[in-house]
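Shown next: start05.cif, containing mmCIF, C-alpha atoms.
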```cif
data_protein
loop_
_atom_site.label_atom_id
_atom_site.label_comp_id
_atom_site.auth_asym_id
_atom_site.auth_seq_id
_atom_site.Cartn_x
_atom_site.Cartn_y
_atom_site.Cartn_z
CA MET A 1 0.00 0.00 0.00
CA LYS A 2 1.36 3.40 -1.05
CA THR A 3 1.15 6.34 1.32
CA GLN A 4 1.26 9.89 0.06
CA LYS A 5 3.39 12.37 1.91
CA ASN A 6 1.58 15.36 0.42
CA PRO A 7 -2.17 14.91 -0.06
CA GLU A 8 -3.60 16.19 -3.31
CA VAL A 9 -5.62 19.38 -3.39
CA ALA A 10 -9.33 18.77 -3.89
CA THR A 11 -10.79 19.94 -7.17
CA GLY A 12 -12.18 23.45 -6.93
CA THR A 13 -10.25 24.32 -3.78
CA LYS A 14 -8.62 27.71 -3.92
CA LEU A 15 -4.87 27.56 -3.47
CA ALA A 16 -4.99 30.80 -1.47
CA THR A 17 -6.83 29.00 1.31
CA ILE A 18 -4.18 26.30 1.46
CA GLU A 19 -1.03 28.42 1.24
CA THR A 20 0.01 30.76 4.02
CA SER A 21 -0.55 34.44 3.39
CA SER A 22 2.28 36.22 1.64
CA PRO A 23 4.33 38.85 3.48
CA VAL A 24 4.24 40.95 0.29
CA THR A 25 1.13 42.27 -1.44
CA ASN A 26 0.09 44.73 -4.12
CA LYS A 27 -1.93 47.95 -3.71
CA LEU A 28 -5.27 46.15 -3.99
CA GLY A 29 -4.31 43.59 -1.34
CA PHE A 30 -3.19 46.33 1.05
CA ALA A 31 -6.38 48.30 0.41
CA ARG A 32 -8.51 45.25 1.21
CA ARG A 33 -6.41 44.52 4.31
CA TRP A 34 -7.09 47.99 5.75
CA GLY A 35 -10.57 48.48 4.25
CA ILE A 36 -9.61 51.55 2.23
CA CYS A 37 -9.79 52.48 -1.45
CA LEU A 38 -6.95 52.27 -3.95
CA ARG A 39 -6.70 56.07 -4.10
CA SER A 40 -6.02 56.12 -0.35
CA VAL A 41 -3.20 53.61 -0.86
CA ASP A 42 -1.74 55.88 -3.57
CA ILE A 43 -1.87 58.79 -1.13
CA LEU A 44 -0.15 56.72 1.57
CA LEU A 45 2.58 55.74 -0.91
CA SER A 46 3.12 59.39 -1.81
CA LYS A 47 3.42 60.23 1.91
CA GLY A 48 6.28 57.75 2.27
CA MET A 49 4.79 54.35 3.07
CA PRO A 50 7.50 51.72 2.42
CA HIS A 51 7.10 49.94 -0.90
CA CYS A 52 9.07 48.55 -3.80
CA LYS A 53 8.39 49.60 -7.36
CA VAL A 54 8.96 46.83 -9.88
CA GLY A 55 9.21 48.07 -13.44
CA SER A 56 7.30 51.17 -14.42
CA ARG A 57 3.91 50.31 -12.90
CA MET A 58 4.00 47.36 -10.53
CA VAL A 59 4.13 48.17 -6.79
CA ARG A 60 4.80 45.62 -4.07
CA ILE A 61 4.22 46.37 -0.39
CA ASN A 62 5.83 44.48 2.48
CA VAL A 63 2.84 44.07 4.80
CA GLU A 64 4.83 44.01 8.05
CA GLU A 65 6.82 47.16 7.20
CA ALA A 66 3.75 49.02 5.96
CA ASP A 67 1.72 48.09 9.06
CA LYS A 68 4.55 49.37 11.29
CA TRP A 69 4.70 52.59 9.26
CA MET A 70 0.92 53.05 9.60
CA ASN A 71 1.19 52.55 13.37
CA ILE A 72 4.03 55.06 13.76
CA ARG A 73 2.59 57.65 11.38
CA PHE A 74 -1.10 57.50 12.33
CA HIS A 75 -1.05 55.66 15.69
CA THR A 76 -3.20 52.92 14.19
CA ALA A 77 -3.39 49.25 14.95
CA ARG A 78 -5.01 46.60 12.84
CA ASN A 79 -7.36 44.49 14.96
CA GLY A 80 -9.42 41.46 14.12
CA ARG A 81 -9.08 38.52 11.84
CA VAL A 82 -7.01 38.73 8.67
CA GLU A 83 -8.99 37.66 5.60
CA GLN A 84 -7.19 35.30 3.26
#
```
So, in terms of structure tokens, how does the structure I just supplied come out?
Amino acid sequence: MKTQKNPEVATGTKLATIETSSPVTNKLGFARRWGICLRSVDILLSKGMPHCKVGSRMVRINVEEADKWMNIRFHTARNGRVEQ
């Protein structure tokens, strides 16, 4: 009898629910995380929120660094469950 070390993913299961959340996100992911609009994220980026620009248009945000920046700058804290 063969035993599988890694069980197969069921058909129709989203991979995002299986994988751990990424420490890096894009503007839309950060907006959803904080419950704000994309324009607000653009404003935060222009005010100095840490991010990495990849190419001419793609922006990646390190969630941990950005959350710390939000806390220092605006004295905010994210409470509650993180949606995945």
Exercise for the section: Can you give me, as a PyMOL selection string, the residues this file yields under the PyMOL selection byres ((chain A and resi 57-59) around 12)? Expected result: chain A and resi 24-30+41-42+45+49-56+60-62
Any chance you could export the current selection's C-alpha atoms as a PDB file, keeping the file's coordinate frame?
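The resulting file, part_32.pdb, is reproduced below:
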```
ATOM      1  CA  VAL A  24       4.240  40.950   0.290  1.00  0.00           C
ATOM      2  CA  THR A  25       1.130  42.270  -1.440  1.00  0.00           C
ATOM      3  CA  ASN A  26       0.090  44.730  -4.120  1.00  0.00           C
ATOM      4  CA  LYS A  27      -1.930  47.950  -3.710  1.00  0.00           C
ATOM      5  CA  LEU A  28      -5.270  46.150  -3.990  1.00  0.00           C
ATOM      6  CA  GLY A  29      -4.310  43.590  -1.340  1.00  0.00           C
ATOM      7  CA  PHE A  30      -3.190  46.330   1.050  1.00  0.00           C
ATOM      8  CA  VAL A  41      -3.200  53.610  -0.860  1.00  0.00           C
ATOM      9  CA  ASP A  42      -1.740  55.880  -3.570  1.00  0.00           C
ATOM     10  CA  LEU A  45       2.580  55.740  -0.910  1.00  0.00           C
ATOM     11  CA  MET A  49       4.790  54.350   3.070  1.00  0.00           C
ATOM     12  CA  PRO A  50       7.500  51.720   2.420  1.00  0.00           C
ATOM     13  CA  HIS A  51       7.100  49.940  -0.900  1.00  0.00           C
ATOM     14  CA  CYS A  52       9.070  48.550  -3.800  1.00  0.00           C
ATOM     15  CA  LYS A  53       8.390  49.600  -7.360  1.00  0.00           C
ATOM     16  CA  VAL A  54       8.960  46.830  -9.880  1.00  0.00           C
ATOM     17  CA  GLY A  55       9.210  48.070 -13.440  1.00  0.00           C
ATOM     18  CA  SER A  56       7.300  51.170 -14.420  1.00  0.00           C
ATOM     19  CA  ARG A  60       4.800  45.620  -4.070  1.00  0.00           C
ATOM     20  CA  ILE A  61       4.220  46.370  -0.390  1.00  0.00           C
ATOM     21  CA  ASN A  62       5.830  44.480   2.480  1.00  0.00           C
TER      22      ASN A  62
END
```
Practice task
For CA of Ala66 in chain A and CA of Cys37 in chain A, determine how far apart the two atoms are, in Å to one decimal place.
Solution key: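 Atom-to-atom, CA of Ala66 in chain A and CA of Cys37 in chain A are spaced 15.8 Å apart.
What separates CA of Val63 in chain A from CA of Gly48 in chain A is a distance of 14.3 Å.
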Exercise for the section: Figure out the distance between CA of Ile43 in chain A and CA of Arg81 in chain A, please, to one decimal in Å. Expected result: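 So the answer is 25.1 Å.
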Using the file's own x, y and z axes, so that the box edges lie along x, y and z, what centre and edge lengths in Å (one decimal) does a box around every listed atom of range 60-63 of chain A get when 3 Å is added on each side? Give it as JSON.
```
{"center_x": 4.3, "center_y": 45.2, "center_z": 0.4, "size_x": 9.0, "size_y": 8.3, "size_z": 14.9}
```
